[in-house]
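Below is the file entry08.txt, which contains compact mmCIF, C-alpha atoms.
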# COMPACT_ATOMS: atom_id res chain seq x y z
CA MET A 1 14.36 84.22 139.20
CA LYS A 2 16.14 87.30 137.90
CA ARG A 3 15.30 89.63 135.06
CA ASN A 4 17.89 91.40 132.94
CA LEU A 5 17.52 94.88 131.48
CA THR A 6 16.12 93.56 128.22
CA GLY A 7 13.12 92.01 129.93
CA ARG A 8 14.26 88.39 129.56
CA VAL A 9 13.55 86.16 132.54
CA ILE A 10 16.87 84.58 133.55
CA PRO A 11 17.07 81.31 135.48
CA ALA A 12 19.24 81.50 138.57
CA ALA A 13 21.72 79.08 136.97
CA LEU A 14 22.23 81.46 134.05
CA ALA A 15 22.61 84.47 136.33
CA LEU A 16 25.41 82.66 138.15
CA ALA A 17 27.00 81.64 134.87
CA LEU A 18 27.14 85.23 133.68
CA ALA A 19 28.54 86.40 136.99
CA ALA A 20 31.26 83.76 137.28
CA ALA A 21 32.19 82.76 133.75
CA PRO A 22 35.74 81.41 134.39
CA VAL A 23 34.60 79.18 137.23
CA ASN A 24 31.65 77.76 135.31
CA ALA A 25 33.66 77.26 132.14
CA PHE A 26 36.14 75.20 134.15
CA ALA A 27 33.32 73.28 135.86
CA ALA A 28 31.68 72.52 132.54
CA THR A 29 34.96 71.24 131.16
CA LYS A 30 35.38 68.98 134.17
CA ALA A 31 31.83 67.71 133.79
CA VAL A 32 32.40 66.86 130.14
CA GLN A 33 35.57 65.01 131.02
CA ALA A 34 33.71 63.11 133.74
CA THR A 35 30.61 62.14 131.77
CA GLY A 36 31.69 62.23 128.13
CA VAL A 37 28.15 63.08 127.05
CA ALA A 38 28.46 66.71 125.92
CA ASP A 39 27.02 67.34 122.48
CA GLU A 40 28.57 69.48 119.73
CA ASN A 41 27.20 72.63 121.39
CA GLY A 42 28.76 71.89 124.75
CA PHE A 43 25.45 70.94 126.39
CA ILE A 44 25.69 68.12 128.90
CA SER A 45 22.58 66.00 128.48
CA GLN A 46 21.58 65.78 132.11
CA PRO A 47 18.81 67.68 133.91
CA GLY A 48 20.02 70.83 135.61
CA ASN A 49 23.00 71.56 133.36
CA GLU A 50 23.15 74.44 130.90
CA TYR A 51 25.05 75.25 127.71
CA ASP A 52 28.63 76.50 127.66
CA ASP A 53 29.27 80.06 128.84
CA ALA A 54 29.68 81.63 125.38
CA THR A 55 26.39 80.12 124.19
CA MET A 56 24.60 81.15 127.37
CA LYS A 57 25.71 84.76 126.93
CA LYS A 58 24.46 84.76 123.35
CA LEU A 59 21.11 83.34 124.42
CA ALA A 60 20.78 86.08 127.04
CA ASP A 61 20.76 88.88 124.45
CA ASN A 62 17.53 90.56 123.44
CA MET A 63 17.32 88.95 120.00
CA LEU A 64 15.18 86.07 118.85
CA GLU A 65 16.96 84.10 116.13
CA TYR A 66 15.38 81.04 114.54
CA ASP A 67 18.51 78.92 114.85
CA GLU A 68 18.56 79.52 118.62
CA ILE A 69 15.01 78.37 119.33
CA GLY A 70 16.01 74.86 120.42
CA LYS A 71 18.50 76.25 122.92
CA LEU A 72 16.06 78.91 124.11
CA VAL A 73 13.59 76.14 124.90
CA GLU A 74 16.30 74.29 126.84
CA VAL A 75 17.23 77.33 128.93
CA TYR A 76 14.15 79.54 129.16
CA SER A 77 10.94 77.64 128.41
CA PRO A 78 8.82 77.58 131.61
CA THR A 79 7.34 74.23 130.62
CA PHE A 80 10.67 72.58 129.86
CA LYS A 81 12.13 74.02 133.04
CA THR A 82 9.41 72.25 135.03
CA VAL A 83 10.04 69.02 133.13
CA LYS A 84 13.77 69.09 133.88
CA GLU A 85 13.24 69.97 137.53
CA THR A 86 10.71 67.17 138.03
CA TYR A 87 12.41 64.41 136.06
CA SER A 88 14.99 62.25 137.82
CA ASP A 89 16.66 58.91 137.18
CA LYS A 90 14.93 57.21 140.09
CA LYS A 91 12.23 54.58 140.21
CA ASP A 92 9.84 57.13 141.68
CA ALA A 93 10.40 59.52 138.80
CA ALA A 94 6.66 59.60 138.10
CA LYS A 95 5.71 60.85 141.57
CA ASP A 96 4.91 64.31 140.20
CA VAL A 97 2.80 63.09 137.29
CA VAL A 98 -0.14 65.30 138.24
CA LYS A 99 2.06 68.39 138.29
CA LEU A 100 3.63 67.48 134.97
CA LYS A 101 0.28 66.78 133.34
CA SER A 102 -0.92 70.20 134.40
CA LYS A 103 2.21 71.92 133.06
CA LEU A 104 2.05 70.10 129.73
CA LEU A 105 -1.59 71.03 129.32
CA ASP A 106 -0.74 74.65 130.12
CA SER A 107 1.94 74.61 127.44
CA SER A 108 -0.46 73.00 124.98
CA GLY A 109 -2.90 75.81 125.71
CA GLU A 110 -0.24 78.43 124.99
CA LEU A 111 0.46 76.95 121.57
CA ALA A 112 -3.26 76.61 120.86
CA ASP A 113 -3.72 80.28 121.80
CA THR A 114 -0.91 81.22 119.43
CA ALA A 115 -2.59 79.29 116.63
CA SER A 116 -5.88 80.98 117.49
CA THR A 117 -4.19 84.37 117.30
CA LEU A 118 -2.95 83.67 113.80
CA LYS A 119 -6.38 82.40 112.82
CA GLY A 120 -7.85 85.63 114.19
CA SER A 121 -6.26 87.53 111.32
CA LEU A 122 -7.55 85.04 108.75
CA ASP A 123 -11.16 86.25 108.77
CA ALA A 124 -10.08 89.72 107.75
CA ALA A 125 -7.60 88.30 105.24
CA LYS A 126 -10.26 86.10 103.68
CA GLU A 127 -12.49 89.13 103.12
CA MET A 128 -9.72 90.78 101.12
CA ILE A 129 -9.06 87.92 98.70
CA GLY A 130 -9.75 89.21 95.22
CA LYS A 131 -10.04 92.80 96.44
CA VAL A 132 -6.40 93.64 97.08
CA PRO A 133 -3.34 92.07 95.43
CA ALA A 134 -1.72 91.64 98.84
CA MET A 135 -3.99 88.77 99.74
CA THR A 136 -4.04 85.88 97.29
CA PRO A 137 -5.59 82.47 97.96
CA THR A 138 -2.06 81.04 98.19
CA ASN A 139 -0.96 83.56 100.81
CA TYR A 140 -4.14 82.98 102.79
CA ALA A 141 -3.65 79.22 102.58
CA GLN A 142 -0.12 79.48 103.93
CA LEU A 143 -1.22 81.51 106.93
CA TYR A 144 -3.93 78.94 107.55
CA TYR A 145 -1.43 76.07 107.25
CA SER A 146 0.85 77.66 109.85
CA SER A 147 -2.02 78.05 112.30
CA GLU A 148 -3.13 74.45 111.74
CA LEU A 149 0.43 73.21 112.26
CA MET A 150 0.59 74.97 115.62
CA ASP A 151 -2.76 73.45 116.55
CA TYR A 152 -1.39 70.02 115.67
CA GLN A 153 1.68 70.57 117.83
CA ALA A 154 -0.50 71.79 120.69
CA ASP A 155 -2.55 68.60 120.46
CA ALA A 156 0.64 66.51 120.47
CA ILE A 157 1.77 68.10 123.76
CA ALA A 158 -1.72 67.66 125.26
CA LEU A 159 -1.65 63.97 124.35
CA GLN A 160 1.68 63.61 126.13
CA GLY A 161 0.07 64.94 129.27
CA ASP A 162 -3.07 62.84 128.93
CA SER A 163 -1.14 59.60 128.43
CA LEU A 164 1.34 60.22 131.23
CA GLU A 165 1.32 57.49 133.84
CA GLN A 166 3.59 55.60 136.23
CA VAL A 167 6.39 54.39 133.95
CA SER A 168 10.08 53.55 134.06
CA PRO A 169 12.66 56.37 134.23
CA GLU A 170 13.76 55.64 130.66
CA GLN A 171 10.17 55.88 129.41
CA MET A 172 9.68 59.03 131.44
CA HIS A 173 12.73 60.59 129.80
CA ILE A 174 11.41 59.81 126.31
CA LYS A 175 7.88 60.95 127.14
CA LEU A 176 8.89 64.13 128.90
CA VAL A 177 12.40 65.36 128.24
CA ASP A 178 12.94 64.27 124.64
CA SER A 179 9.47 64.58 123.11
CA THR A 180 8.51 67.71 125.06
CA ARG A 181 11.70 69.49 123.99
CA ALA A 182 11.04 68.55 120.36
CA ALA A 183 7.37 69.56 120.44
CA LEU A 184 8.05 72.90 122.13
CA THR A 185 10.86 73.67 119.70
CA ALA A 186 8.75 72.82 116.65
CA GLY A 187 5.84 74.83 118.00
CA ALA A 188 7.95 77.93 118.60
CA GLN A 189 9.53 77.57 115.15
CA SER A 190 6.09 77.42 113.52
CA ALA A 191 5.00 80.46 115.53
CA MET A 192 8.05 82.43 114.37
CA ILE A 193 7.43 81.46 110.73
CA GLY A 194 3.77 82.43 111.10
CA TYR A 195 4.82 85.76 112.62
CA GLU A 196 7.02 86.56 109.64
CA GLN A 197 4.28 85.52 107.21
CA LEU A 198 1.93 87.92 108.95
CA LEU A 199 4.46 90.77 108.70
CA LEU A 200 4.82 90.14 104.97
CA GLN A 201 1.07 90.34 104.48
CA LYS A 202 0.93 93.53 106.53
CA GLU A 203 3.67 95.14 104.47
CA SER A 204 1.94 94.25 101.22
CA LEU A 205 -1.42 95.37 102.59
CA GLU A 206 0.00 98.82 103.29
CA ASP A 207 0.81 99.13 99.58
CA SER A 208 -2.71 98.04 98.73
CA ILE A 209 -4.23 100.62 101.09
CA THR A 210 -2.23 103.35 99.37
CA LEU A 211 -3.60 102.17 96.04
CA LEU A 212 -7.18 101.88 97.32
CA GLU A 213 -7.02 105.40 98.71
CA GLU A 214 -6.02 106.63 95.27
CA VAL A 215 -8.76 104.57 93.62
CA TYR A 216 -11.34 106.06 95.99
CA LYS A 217 -10.21 109.63 95.28
CA SER A 218 -10.16 108.99 91.55
CA THR A 219 -13.65 107.46 91.61
CA GLN A 220 -14.98 110.45 93.56
CA THR A 221 -13.48 112.79 90.97
CA GLN A 222 -14.97 110.79 88.11
CA ALA A 223 -18.37 110.78 89.81
CA SER A 224 -18.27 114.57 90.16
CA LEU A 225 -17.71 114.75 86.39
CA GLY A 226 -20.50 112.30 85.65
CA LEU A 227 -18.06 109.57 84.60
CA ALA A 228 -18.74 107.20 87.51
CA THR A 229 -21.81 106.14 89.45
CA GLU A 230 -22.44 106.62 93.14
CA ASN A 231 -22.43 102.85 93.43
CA ALA A 232 -18.86 102.81 92.08
CA VAL A 233 -17.88 105.37 94.72
CA LEU A 234 -19.51 103.26 97.43
CA THR A 235 -17.70 100.13 96.26
CA ALA A 236 -14.34 101.94 96.24
CA ARG A 237 -14.94 103.22 99.76
CA GLN A 238 -16.00 99.79 101.02
CA ASN A 239 -12.87 98.18 99.55
CA LEU A 240 -10.71 100.79 101.27
CA GLU A 241 -12.47 100.40 104.61
CA SER A 242 -12.23 96.61 104.37
CA ALA A 243 -8.47 96.84 103.85
CA GLN A 244 -8.13 99.31 106.72
CA ALA A 245 -10.09 96.99 109.00
CA GLY A 246 -7.83 94.14 107.90
CA ARG A 247 -4.81 96.21 108.86
CA LEU A 248 -6.22 96.72 112.36
CA ALA A 249 -6.86 92.99 112.72
CA MET A 250 -3.33 92.18 111.57
CA ASP A 251 -1.88 94.80 113.93
CA ALA A 252 -3.65 93.12 116.84
CA SER A 253 -2.52 89.67 115.70
CA GLU A 254 1.07 90.86 115.39
CA VAL A 255 1.06 92.05 119.01
CA LYS A 256 -0.47 88.80 120.27
CA LEU A 257 1.90 86.63 118.23
CA ARG A 258 4.87 88.56 119.56
CA GLN A 259 3.58 88.08 123.10
CA SER A 260 3.09 84.37 122.47
CA LEU A 261 6.65 83.98 121.19
CA CYS A 262 7.94 85.86 124.23
CA THR A 263 6.12 83.64 126.73
CA LEU A 264 6.99 80.43 124.88
CA LEU A 265 10.70 81.25 124.93
CA GLY A 266 11.13 82.89 128.31
CA TRP A 267 10.72 86.61 127.77
CA GLU A 268 8.09 88.47 129.73
CA TYR A 269 4.87 88.60 127.71
CA ASN A 270 5.37 92.32 127.02
CA GLY A 271 9.07 91.92 126.21
CA ASN A 272 10.47 93.62 123.15
CA PRO A 273 13.13 91.34 121.64
CA GLU A 274 14.44 91.99 118.16
CA ILE A 275 12.86 89.19 116.13
CA ARG A 276 15.25 88.33 113.34
CA LYS A 277 14.29 87.02 109.91
CA VAL A 278 13.69 83.32 109.44
CA PRO A 279 16.50 81.81 107.30
CA GLU A 280 15.85 81.55 103.58
CA ALA A 281 15.05 78.11 102.23
CA ASP A 282 18.05 76.21 100.88
CA PRO A 283 16.75 74.04 98.02
CA SER A 284 19.96 71.99 98.09
CA ARG A 285 18.62 70.34 101.26
CA ILE A 286 16.04 68.54 99.14
CA GLY A 287 18.77 66.53 97.41
CA ALA A 288 19.63 64.90 100.73
CA MET A 289 16.02 63.84 101.34
CA ASP A 290 15.05 60.30 100.44
CA PRO A 291 11.96 58.88 102.18
CA ALA A 292 12.91 55.31 101.32
CA ALA A 293 16.32 55.74 102.95
CA ASP A 294 15.20 58.09 105.74
CA LYS A 295 12.24 56.07 106.95
CA GLN A 296 14.39 53.75 109.07
CA ALA A 297 15.89 56.70 110.92
CA ALA A 298 12.41 58.17 111.37
CA ILE A 299 11.19 54.85 112.78
CA ASP A 300 14.21 54.35 115.05
CA ASN A 301 14.06 57.94 116.36
CA ASN A 302 10.31 58.32 116.77
CA TYR A 303 9.51 59.17 120.38
CA THR A 304 6.16 57.40 120.45
CA LEU A 305 7.64 54.21 119.02
CA LYS A 306 10.55 54.32 121.45
CA TYR A 307 8.10 54.60 124.31
CA ASN A 308 5.89 51.78 123.03
CA ARG A 309 8.84 49.46 122.40
CA LEU A 310 9.84 49.85 126.05
CA SER A 311 6.22 49.22 127.06
CA TYR A 312 6.21 46.04 124.96
CA GLU A 313 9.31 44.72 126.72
CA GLN A 314 7.72 45.26 130.12
CA LEU A 315 4.51 43.38 129.29
CA THR A 316 4.10 39.69 130.04
CA ASP A 317 5.31 37.51 127.17
CA GLY A 318 2.42 36.19 125.10
CA SER A 319 -0.18 38.24 126.95
CA VAL A 320 -3.09 39.90 125.16
CA GLU A 321 -1.67 43.28 126.16
CA GLN A 322 1.68 42.48 124.58
CA GLN A 323 0.01 41.22 121.39
CA ASN A 324 -2.05 44.41 121.18
CA MET A 325 1.07 46.50 121.69
CA ALA A 326 2.84 44.56 118.94
CA ARG A 327 0.03 45.41 116.52
CA THR A 328 0.13 49.04 117.62
CA ILE A 329 3.87 49.22 116.95
CA GLU A 330 3.41 47.60 113.56
CA ASP A 331 0.66 50.07 112.59
CA GLN A 332 2.67 53.04 113.83
CA THR A 333 5.75 51.90 111.91
CA ALA A 334 3.71 51.77 108.69
CA ALA A 335 2.16 55.16 109.48
CA ILE A 336 5.59 56.75 109.87
CA SER A 337 6.71 55.45 106.48
CA SER A 338 3.57 56.78 104.82
CA SER A 339 3.75 60.14 106.62
CA LEU A 340 7.37 60.64 105.66
CA GLU A 341 6.51 60.09 101.99
CA ASN A 342 3.68 62.63 102.29
CA LEU A 343 5.97 65.16 103.95
CA TYR A 344 8.52 64.71 101.16
CA ASN A 345 5.83 65.28 98.54
CA GLN A 346 4.85 68.43 100.43
CA VAL A 347 8.43 69.65 100.14
CA LEU A 348 8.41 69.05 96.39
CA GLN A 349 5.08 70.84 96.05
CA LYS A 350 6.35 73.86 97.99
CA ARG A 351 9.48 73.93 95.82
CA ASN A 352 7.31 74.01 92.70
CA GLU A 353 5.18 76.79 94.16
CA TYR A 354 8.31 78.77 94.98
CA GLN A 355 9.67 78.35 91.45
CA THR A 356 6.32 79.44 90.01
CA ALA A 357 6.29 82.52 92.23
CA VAL A 358 9.84 83.44 91.15
CA ALA A 359 8.90 83.12 87.47
CA ALA A 360 5.82 85.30 87.99
CA LEU A 361 7.95 87.94 89.72
CA GLU A 362 10.37 88.03 86.79
CA LEU A 363 7.50 88.73 84.39
CA GLU A 364 6.14 91.42 86.70
CA LYS A 365 9.59 92.97 86.96
CA THR A 366 9.57 93.63 83.21
CA LYS A 367 6.19 95.36 83.53
CA MET A 368 7.42 97.40 86.48
CA GLU A 369 10.49 98.59 84.59
CA ALA A 370 8.26 99.64 81.69
CA ALA A 371 5.97 101.53 84.08
CA ASP A 372 8.99 103.29 85.63
CA ARG A 373 10.09 104.47 82.19
CA LYS A 374 6.61 105.71 81.33
CA MET A 375 6.34 107.52 84.66
CA SER A 376 9.65 109.27 84.08
CA VAL A 377 8.44 110.74 80.77
CA GLY A 378 4.88 111.39 81.91
CA THR A 379 3.07 108.91 79.67
CA ILE A 380 1.36 107.07 82.51
CA GLY A 381 -1.00 108.35 85.18
CA ARG A 382 -0.38 108.12 88.92
CA LEU A 383 -3.23 105.65 89.48
CA GLU A 384 -2.08 103.31 86.72
CA TYR A 385 1.48 103.50 88.03
CA LEU A 386 0.37 102.69 91.60
CA GLN A 387 -1.61 99.71 90.28
CA GLN A 388 1.49 98.33 88.62
CA LYS A 389 3.64 99.05 91.67
CA ASN A 390 1.13 97.28 93.90
CA SER A 391 1.00 94.29 91.58
CA TYR A 392 4.79 94.05 91.66
CA ALA A 393 4.85 94.29 95.47
CA ALA A 394 2.27 91.49 95.67
CA LYS A 395 4.48 89.25 93.50
CA GLU A 396 7.46 90.02 95.73
CA THR A 397 5.42 89.05 98.77
CA ALA A 398 4.34 85.85 97.03
CA VAL A 399 7.98 84.87 96.51
CA LYS A 400 8.91 85.55 100.13
CA THR A 401 5.83 83.69 101.37
CA ALA A 402 6.60 80.72 99.11
CA ASP A 403 10.18 80.69 100.39
CA LEU A 404 8.94 80.55 103.99
CA ALA A 405 6.51 77.76 103.07
CA LEU A 406 9.31 75.74 101.47
CA PHE A 407 11.54 76.29 104.49
CA GLN A 408 8.77 75.18 106.84
CA ALA A 409 8.07 72.05 104.78
CA MET A 410 11.77 71.07 104.86
CA GLU A 411 11.95 71.67 108.60
CA THR A 412 8.87 69.50 109.20
CA TYR A 413 10.39 66.67 107.15
CA ASP A 414 13.70 66.84 109.03
CA GLN A 415 11.90 66.93 112.37
CA ALA A 416 10.03 63.76 111.41
CA VAL A 417 13.30 62.02 110.59
CA GLU A 418 14.67 63.14 113.96
CA GLY A 419 11.72 61.54 115.75
CA ASN A 420 9.24 64.38 116.14
CA LEU A 421 6.32 62.90 114.21
CA SER A 422 3.07 62.24 116.03
CA VAL A 423 1.47 58.84 115.35
CA SER A 424 -1.76 57.56 116.83
Now that the file is in, can you turn its structure into structure tokens?
Amino acid sequence: MKRNLTGRVIPAALALALAAAPVNAFAATKAVQATGVADENGFISQPGNEYDDATMKKLADNMLEYDEIGKLVEVYSPTFKTVKETYSDKKDAAKDVVKLKSKLLDSSGELADTASTLKGSLDAAKEMIGKVPAMTPTNYAQLYYSSELMDYQADAIALQGDSLEQVSPEQMHIKLVDSTRAALTAGAQSAMIGYEQLLLQKESLEDSITLLEEVYKSTQTQASLGLATENAVLTARQNLESAQAGRLAMDASEVKLRQSLCTLLGWEYNGNPEIRKVPEADPSRIGAMDPAADKQAAIDNNYTLKYNRLSYEQLTDGSVEQQNMARTIEDQTAAISSSLENLYNQVLQKRNEYQTAVAALELEKTKMEAADRKMSVGTIGRLEYLQQKNSYAAKETAVKTADLALFQAMETYDQAVEGNLSVS
């Protein structure tokens, strides 16, 4: 293994690609001509091969971009690297099952730890609901949803390891290469979305702390003039200290989430990549979603169903085992249809929440403009102005959070159509 100056761990294959670009570009072209299985990105879908040289160079930079996560998993993920190295198109492809089980469980643990990190900031956030505008029940719920989604994905990877057994090479490919890639990609995407959600809450919390500091000072002044009670001063101080403690908790969670993203995608745990913004939600995507029409693709592509269909074909005709598998496939097919409908409804709900947040921001914008005018002519006090400014900042955060939630819901729906939907 090599490490570049940015702290990214580089597989030996990538190091060679960067050192001998013309040779590898020619070799890749020859491989594509020979196999005819390169996808639109130039990746040849066989273990051991990498992306084209231009893509590899882009992946080797010190930036984490959401749209690159799938490729980063392919090239850098320690878990996926083990999967590719172990898998082979031979009848004894399952000889390293124990090793693979261990690696999958390790990866599941990493995702579970990432979810736990995000949940670690939730206790502090929950304490601030109703006390500071930065933390609304909706914002808290979205952070919680992201952590639960990562937990779900961690469980899905763990189940892959638990159910791994001596199977055909084709089944092994579905169980390991295809489904592991999809689960790791989805997990890292959820972690990146959760990371940005946390940063938004931190930014808004800073505004709230500024306001609470001013409230505390003002309450102390009023108390000295006999216009406020000592209990009011104590409450103001407690609110400020609670927000400051929340900031410390979120600071710690930010560091841990960054470390988790680094280790999931191949950086050293203390790497310092530039983590770019998650793309904004594109509501036009919703028009292309149709659960009734998409369910067949979701059924055809589902990794678990693919695996079980192959298992069915290998069982003795008419046997009890084959009959049981047939019922399992039937139940899972129905579950996929139902789940896809639920995921679509989730998209619609998140779109409505986003539209509501945008409308609320527009109303708050009018109030903010009025407060700016009053401040300019001295007809509003500093505390009242900060309260309005903080309220406006909270509405801005709500819009950004709702946009991330809508984006995440659309991604989850599309992933289900592509086959990454866990069914029991």
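Going from CA of Tyr140 (chain A) over to CA of Leu118 (chain A), you cover 11.1 Å.
Rounded to one decimal, CA of Tyr312 (chain A) and CA of Ile299 (chain A) lie 15.8 Å from each other.
Going from CA of Leu198 (chain A) to CA of Lys367 (chain A) covers 26.8 Å.
If all atoms listed in the file are the atoms counted, then among A:Asp282, A:Asp61, A:Glu341, A:Asp372 the closest residue to Gln388 (chain A) is A:Asp372.
With all atoms listed in the file taken into account, the protein and nucleic acid residues at most 9 Å from Gly246 (chain A) (excluding it and anything under 4 positions from it in its own chain) are Ser121, Asp123, Ala124, Ala125, Glu127, Met128, Lys202, Leu205, Glu241, Ser242, Met250 and Asp251 of chain A.
By chain and then residue number, the residues within 9 Å of Thr401 (chain A) are Thr138, Asn139, Gln142, Glu196, Gln197, Leu200, Gln201, Tyr354, Glu396 and Leu406 of chain A, counting all atoms listed in the file and disregarding those fewer than 5 positions away in sequence.
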